[in-house]
file target30.csv (CSV, C-alpha atoms)
chain,number,residue,atom,x,y,z
A,1,MET,CA,151.0,44.2,119.7
A,2,LEU,CA,147.4,43.2,120.2
A,3,ASP,CA,146.9,42.8,116.4
A,4,GLN,CA,149.9,40.6,116.3
A,5,MET,CA,148.5,38.4,119.1
A,6,VAL,CA,145.3,38.1,117.2
A,7,ARG,CA,147.1,37.1,114.0
A,8,ASP,CA,149.2,34.5,115.9
A,9,PHE,CA,146.1,33.1,117.5
A,10,THR,CA,144.4,32.9,114.1
A,11,ASP,CA,147.4,31.0,112.7
A,12,ASN,CA,147.4,28.6,115.6
A,13,ILE,CA,143.7,27.9,115.1
A,14,ARG,CA,144.3,27.4,111.4
A,15,GLU,CA,147.0,24.8,112.1
A,16,ALA,CA,144.8,23.2,114.8
A,17,GLU,CA,141.9,22.9,112.3
A,18,GLU,CA,144.2,21.2,109.8
A,19,ALA,CA,145.4,18.8,112.5
A,20,VAL,CA,141.8,18.0,113.6
A,21,ALA,CA,140.7,17.5,110.0
A,22,GLN,CA,143.5,15.1,109.4
A,23,THR,CA,142.7,13.2,112.6
A,24,ILE,CA,139.0,13.0,111.7
A,25,GLY,CA,140.1,11.8,108.2
A,26,ASN,CA,142.2,9.0,109.8
A,27,LEU,CA,139.2,8.1,112.0
A,28,ARG,CA,136.9,7.8,109.1
A,29,MET,CA,139.4,5.5,107.3
A,30,MET,CA,139.6,3.3,110.3
A,31,GLU,CA,135.8,3.2,110.6
A,32,ASP,CA,135.6,2.3,106.9
A,33,ASP,CA,138.1,-0.5,107.4
A,34,TYR,CA,136.2,-1.7,110.4
A,35,LYS,CA,132.9,-1.7,108.4
A,36,GLU,CA,134.6,-3.5,105.6
A,37,ASP,CA,135.9,-6.2,108.0
A,38,LEU,CA,132.4,-6.7,109.3
A,39,ASP,CA,130.9,-6.9,105.8
A,40,THR,CA,133.7,-9.4,104.9
A,41,ALA,CA,133.0,-11.5,107.9
A,42,ARG,CA,129.3,-11.5,107.2
A,43,SER,CA,129.9,-12.4,103.6
A,44,TRP,CA,132.2,-15.4,104.5
A,45,GLY,CA,129.7,-16.5,107.0
A,46,GLN,CA,127.0,-16.6,104.3
A,47,LYS,CA,129.4,-18.5,102.1
A,48,ALA,CA,130.2,-21.0,104.8
A,49,LEU,CA,126.5,-21.6,105.4
A,50,ALA,CA,125.9,-22.1,101.7
A,51,ALA,CA,128.8,-24.6,101.4
A,52,SER,CA,127.6,-26.5,104.5
A,53,LYS,CA,124.1,-26.8,103.1
A,54,LYS,CA,125.4,-28.0,99.8
A,55,SER,CA,127.5,-30.6,101.6
A,56,ASP,CA,124.5,-31.8,103.4
A,57,GLU,CA,122.6,-32.2,100.1
A,58,PHE,CA,125.4,-34.3,98.6
A,59,ARG,CA,125.7,-36.4,101.8
A,60,ALA,CA,121.9,-37.1,101.6
A,61,ASP,CA,122.5,-38.4,98.1
A,62,ASP,CA,125.3,-40.6,99.4
A,63,ASN,CA,127.8,-38.5,97.5
A,64,GLU,CA,130.5,-38.4,100.1
A,65,GLN,CA,133.2,-37.1,97.9
A,66,ASN,CA,131.3,-33.9,97.0
A,67,ALA,CA,130.0,-33.6,100.5
A,68,ALA,CA,133.5,-33.6,101.8
A,69,LYS,CA,134.5,-31.1,99.2
A,70,PHE,CA,131.8,-28.6,100.3
A,71,ASP,CA,132.6,-29.2,103.9
A,72,ASN,CA,136.2,-28.1,103.2
A,73,LEU,CA,134.9,-25.0,101.4
A,74,ALA,CA,132.7,-24.3,104.4
A,75,LYS,CA,135.7,-24.5,106.7
A,76,VAL,CA,137.7,-22.2,104.5
A,77,ALA,CA,134.8,-19.7,104.5
A,78,ILE,CA,134.5,-20.0,108.3
A,79,GLN,CA,138.3,-19.3,108.6
A,80,ARG,CA,138.0,-16.2,106.4
A,81,GLN,CA,135.0,-15.1,108.5
A,82,MET,CA,137.0,-15.5,111.7
A,83,ASP,CA,139.9,-13.5,110.3
A,84,ALA,CA,137.7,-10.7,109.3
A,85,GLU,CA,136.0,-10.7,112.6
A,86,GLY,CA,139.4,-10.7,114.4
A,87,SER,CA,140.6,-7.8,112.3
A,88,ALA,CA,137.4,-5.8,113.1
A,89,LYS,CA,137.7,-6.6,116.8
A,90,ASN,CA,141.3,-5.6,116.9
A,91,ALA,CA,140.4,-2.2,115.3
A,92,GLU,CA,137.7,-1.3,117.8
A,93,PRO,CA,140.1,0.0,120.6
A,94,ALA,CA,142.1,2.0,118.1
A,95,ILE,CA,138.9,3.4,116.6
A,96,GLN,CA,137.6,4.4,120.1
A,97,SER,CA,140.9,6.0,121.0
A,98,GLN,CA,140.9,7.9,117.8
A,99,ARG,CA,137.4,9.1,118.5
A,100,ASP,CA,138.5,10.3,121.9
A,101,VAL,CA,141.4,12.2,120.4
A,102,VAL,CA,139.1,13.8,117.8
A,103,GLU,CA,136.7,14.9,120.5
A,104,GLN,CA,139.5,16.4,122.6
A,105,LEU,CA,140.9,18.2,119.5
A,106,ARG,CA,137.5,19.6,118.7
A,107,THR,CA,137.0,20.8,122.3
A,108,GLY,CA,140.5,22.4,122.3
A,109,LEU,CA,139.8,24.0,118.9
A,110,GLU,CA,136.5,25.5,120.2
A,111,GLN,CA,138.3,26.8,123.2
A,112,MET,CA,140.9,28.4,121.0
A,113,LYS,CA,138.2,30.0,118.9
A,114,THR,CA,136.5,31.3,122.1
A,115,LYS,CA,139.8,32.7,123.4
A,116,ARG,CA,140.5,34.4,120.1
A,117,GLN,CA,137.1,36.0,120.1
A,118,GLN,CA,137.8,37.2,123.7
A,119,LEU,CA,141.1,38.5,122.6
A,120,ILE,CA,139.5,40.4,119.7
A,121,SER,CA,136.9,41.9,122.0
A,122,LYS,CA,139.6,42.9,124.5
A,123,ARG,CA,141.7,44.4,121.8
A,124,ASP,CA,138.8,46.4,120.5
A,125,GLU,CA,138.0,47.6,124.0
A,126,LEU,CA,141.6,48.6,124.7
A,127,VAL,CA,141.9,50.4,121.4
A,128,ALA,CA,138.6,52.3,122.1
A,129,ARG,CA,139.9,53.2,125.6
A,130,SER,CA,143.2,54.3,124.2
A,131,LYS,CA,141.6,56.5,121.6
A,132,ALA,CA,139.3,58.0,124.2
A,133,ALA,CA,142.2,58.7,126.6
A,134,HIS,CA,144.2,60.3,123.7
A,135,ALA,CA,141.2,62.5,122.8
A,136,GLN,CA,140.8,63.5,126.4
A,137,SER,CA,144.5,64.3,126.6
A,138,GLN,CA,144.2,66.5,123.5
A,139,VAL,CA,141.2,68.3,124.9
A,140,HIS,CA,143.0,68.9,128.2
A,141,ASP,CA,146.1,70.2,126.4
A,142,ALA,CA,143.9,72.5,124.3
A,143,VAL,CA,142.1,73.8,127.4
A,144,GLN,CA,145.3,74.5,129.1
A,145,SER,CA,146.7,76.3,126.1
A,146,ILE,CA,143.8,78.8,126.0
A,147,ASP,CA,143.4,79.3,129.8
A,148,ILE,CA,142.9,83.0,130.0
A,149,MET,CA,143.5,83.0,133.8
A,150,ASP,CA,147.1,81.7,133.2
A,151,PRO,CA,149.4,84.7,133.7
A,152,THR,CA,152.1,83.1,131.6
A,153,SER,CA,149.8,82.6,128.6
A,154,GLU,CA,149.8,85.0,125.6
A,155,VAL,CA,146.3,86.3,126.6
A,156,GLY,CA,147.6,87.0,130.1
A,157,ARG,CA,150.6,88.9,128.9
A,158,PHE,CA,148.5,90.9,126.5
A,159,GLU,CA,146.1,91.8,129.2
A,160,GLU,CA,148.9,92.9,131.5
A,161,LYS,CA,150.3,95.1,128.7
A,162,ILE,CA,146.9,96.8,128.3
A,163,ARG,CA,146.6,97.3,132.1
A,164,ARG,CA,150.0,99.0,132.1
A,165,GLU,CA,149.0,101.2,129.2
A,166,GLU,CA,145.8,102.2,130.9
A,167,ALA,CA,147.7,103.0,134.1
A,168,ARG,CA,150.1,105.2,132.1
A,169,VAL,CA,147.2,107.1,130.6
A,170,ARG,CA,145.6,107.6,134.0
A,171,GLY,CA,148.9,108.9,135.3
A,172,GLN,CA,149.2,111.4,132.4
A,173,ASN,CA,145.6,112.6,133.0
A,174,GLU,CA,146.3,113.1,136.7
A,175,LEU,CA,149.5,114.9,135.9
A,176,ALA,CA,147.8,117.1,133.4
A,177,ALA,CA,145.0,117.9,135.9
A,178,SER,CA,147.5,118.8,138.6
A,179,SER,CA,149.3,121.2,136.2
A,180,LEU,CA,146.1,122.8,135.2
A,181,ASP,CA,145.1,123.4,138.8
A,182,SER,CA,148.5,124.9,139.5
A,183,GLN,CA,148.0,127.3,136.5
A,184,PHE,CA,144.6,128.4,137.9
A,185,GLU,CA,146.1,129.0,141.3
A,186,GLN,CA,148.9,131.1,139.7
A,187,LEU,CA,146.2,133.1,137.9
A,188,GLU,CA,144.3,133.7,141.1
A,189,ASP,CA,147.6,134.8,142.8
A,190,LEU,CA,148.3,137.2,139.9
A,191,GLY,CA,144.7,138.6,140.2
A,192,GLU,CA,145.0,139.2,143.9
A,193,GLN,CA,148.4,140.9,143.5
A,194,ALA,CA,147.0,143.1,140.7
A,195,GLU,CA,144.2,144.2,143.0
A,196,ILE,CA,146.7,144.9,145.8
A,197,ASP,CA,148.8,147.0,143.5
A,198,ALA,CA,145.7,148.8,142.3
A,199,ARG,CA,144.6,149.6,145.8
A,200,LEU,CA,148.1,150.8,146.8
A,201,ALA,CA,148.1,153.1,143.8
A,202,ALA,CA,144.7,154.4,144.8
A,203,LEU,CA,146.0,155.1,148.3
A,204,LYS,CA,149.0,156.9,147.0
A,205,GLY,CA,146.7,159.0,144.9
A,206,GLY,CA,144.7,160.1,147.9
A,207,ASP,CA,141.6,158.0,147.2
A,208,SER,CA,140.6,156.1,150.4
A,209,SER,CA,137.3,154.9,149.1
A,210,PRO,CA,138.5,151.6,147.5
A,211,ALA,CA,139.9,150.3,150.7
A,212,GLU,CA,138.2,152.0,153.6
A,213,ILE,CA,140.8,150.4,155.8
A,214,GLY,CA,140.8,152.6,158.9
A,215,THR,CA,139.2,155.5,160.8
A,216,GLY,CA,142.2,157.0,162.5
A,217,THR,CA,142.8,160.8,163.1
A,218,SER,CA,145.4,161.2,160.3
A,219,GLY,CA,144.4,162.1,156.8
A,220,THR,CA,144.9,158.6,155.6
A,221,GLY,CA,142.9,157.0,158.4
A,222,VAL,CA,145.8,154.6,159.2
A,223,THR,CA,147.4,154.6,162.6
A,224,GLU,CA,150.9,153.5,163.5
A,225,GLU,CA,149.5,150.4,165.2
A,226,ASP,CA,147.9,149.4,161.9
A,227,LEU,CA,151.2,149.8,160.1
A,228,ALA,CA,152.9,147.6,162.7
A,229,SER,CA,150.2,145.0,162.4
A,230,LEU,CA,150.4,145.1,158.6
A,231,ASP,CA,154.2,144.6,158.8
A,232,THR,CA,153.7,141.6,161.1
A,233,GLU,CA,151.1,140.0,158.8
A,234,GLN,CA,153.4,140.5,155.8
A,235,GLY,CA,156.1,138.6,157.6
A,236,ARG,CA,153.7,135.8,158.3
A,237,ALA,CA,152.6,135.6,154.7
A,238,GLY,CA,156.2,135.3,153.6
A,239,ALA,CA,156.7,132.5,156.0
A,240,ASP,CA,153.6,130.7,154.8
A,241,ARG,CA,155.0,130.8,151.3
A,242,VAL,CA,158.2,129.1,152.5
A,243,PHE,CA,156.4,126.7,154.9
A,244,PRO,CA,152.9,126.2,153.5
A,245,GLY,CA,151.9,123.5,155.9
A,246,ARG,CA,152.8,125.4,159.2
A,247,THR,CA,149.7,126.3,161.3
A,248,ARG,CA,149.4,129.9,162.5
A,249,GLN,CA,149.5,130.4,166.3
A,250,PRO,CA,146.8,132.7,167.6
A,251,GLN,CA,147.8,136.2,168.8

call {"tool": "encode", "arguments": {"input": "target30.csv", "output": "structure tokens"}}
result
Amino acid sequence: MLDQMVRDFTDNIREAEEAVAQTIGNLRMMEDDYKEDLDTARSWGQKALAASKKSDEFRADDNEQNAAKFDNLAKVAIQRQMDAEGSAKNAEPAIQSQRDVVEQLRTGLEQMKTKRQQLISKRDELVARSKAAHAQSQVHDAVQSIDIMDPTSEVGRFEEKIRREEARVRGQNELAASSLDSQFEQLEDLGEQAEIDARLAALKGGDSSPAEIGTGTSGTGVTEEDLASLDTEQGRAGADRVFPGRTRQPQ
């Protein structure tokens, strides 16, 4: 749009320049005609003066016929002089008016050229601002497209996928560790049960040295109260296996 405005302004200036040139040409023709009228008036004045002098010479010689003849020629020359002077005088207002028109046209033409230059400068400024704004918009869009903090971006989704995978691996590690601890606890229980069975076999075989569990009067060193206490403890152990979190009450 701005380029079209500049072209239109340029065309208008070209037409105005042609009109100004034509007006100036007309003024120069009028000035030439005016100058020619003045020269003609001057020439006829000189001729009238020459004829008048010649008439005076013939009259001095008493040659009235020739004197009258040259007086008539002088009158004709004066008439022509007056016609030329009148033509020149009549042309003066038109010439002055034409000069005023030419001056106005020249002023208007210069104003048009100034406005065209302003328009060109404004166009260049707006074009530069438009390009700068477009470049800033592209940079802004590019920055938004690679914003790693944007959870909806590709980078954000990829990061979320990695976090989920890491969480899954940690869960598997914790599960594996929990299973391993359980296996070790089972091994400890088996070892304790094996020791219990071994000590029971030793008691049945009559060997009291592994346990040394009592000092009663019987051959085994175990009293009836000890057996009753053992039975009670076994009942509590079974309950602990069923309810592992229940706290024992003191006796």

call {"tool": "atom_distance", "arguments": {"input": "target30.csv", "atom1": "CA of Gln81 (chain A)", "atom2": "CA of Ser43 (chain A)"}}
result
7.6 Å

call {"tool": "residues_around", "arguments": {"input": "target30.csv", "residues": "region 85-102 of chain A", "least_positions_apart": "4", "cutoff": "10 Å", "atoms": "all atoms listed in the file", "output": "tab-separated table (two decimals) with C-alpha atoms, in the coordinates of the input"}}
result
chain	number	residue	atom	x	y	z
A	19	ALA	CA	145.40	18.80	112.50
A	20	VAL	CA	141.80	18.00	113.60
A	21	ALA	CA	140.70	17.50	110.00
A	22	GLN	CA	143.50	15.10	109.40
A	23	THR	CA	142.70	13.20	112.60
A	24	ILE	CA	139.00	13.00	111.70
A	25	GLY	CA	140.10	11.80	108.20
A	26	ASN	CA	142.20	9.00	109.80
A	27	LEU	CA	139.20	8.10	112.00
A	28	ARG	CA	136.90	7.80	109.10
A	29	MET	CA	139.40	5.50	107.30
A	30	MET	CA	139.60	3.30	110.30
A	31	GLU	CA	135.80	3.20	110.60
A	33	ASP	CA	138.10	-0.50	107.40
A	34	TYR	CA	136.20	-1.70	110.40
A	35	LYS	CA	132.90	-1.70	108.40
A	36	GLU	CA	134.60	-3.50	105.60
A	37	ASP	CA	135.90	-6.20	108.00
A	38	LEU	CA	132.40	-6.70	109.30
A	39	ASP	CA	130.90	-6.90	105.80
A	40	THR	CA	133.70	-9.40	104.90
A	41	ALA	CA	133.00	-11.50	107.90
A	42	ARG	CA	129.30	-11.50	107.20
A	79	GLN	CA	138.30	-19.30	108.60
A	80	ARG	CA	138.00	-16.20	106.40
A	81	GLN	CA	135.00	-15.10	108.50
A	106	ARG	CA	137.50	19.60	118.70
A	107	THR	CA	137.00	20.80	122.30
A	108	GLY	CA	140.50	22.40	122.30

call {"tool": "atom_distance", "arguments": {"input": "target30.csv", "atom1": "CA of Arg14 (chain A)", "atom2": "CA of Ala128 (chain A)"}}
result
27.7 Å

call {"tool": "atom_distance", "arguments": {"input": "target30.csv", "atom1": "CA of Glu64 (chain A)", "atom2": "CA of Trp44 (chain A)"}}
result
23.5 Å

call {"tool": "residues_around", "arguments": {"input": "target30.csv", "residues": "Ala74 (chain A)", "least_positions_apart": "2", "cutoff": "8 Å", "atoms": "only C-alpha atoms", "output": "PyMOL selection string"}}
result
chain A and resi 47-52+70-72+76-78

call {"tool": "closest_residue", "arguments": {"input": "target30.csv", "among": "A:Asn63, A:Phe9, A:Glu18, A:Ala135", "to": "Thr114 (chain A)", "atoms": "all atoms listed in the file"}}
result
A:Phe9
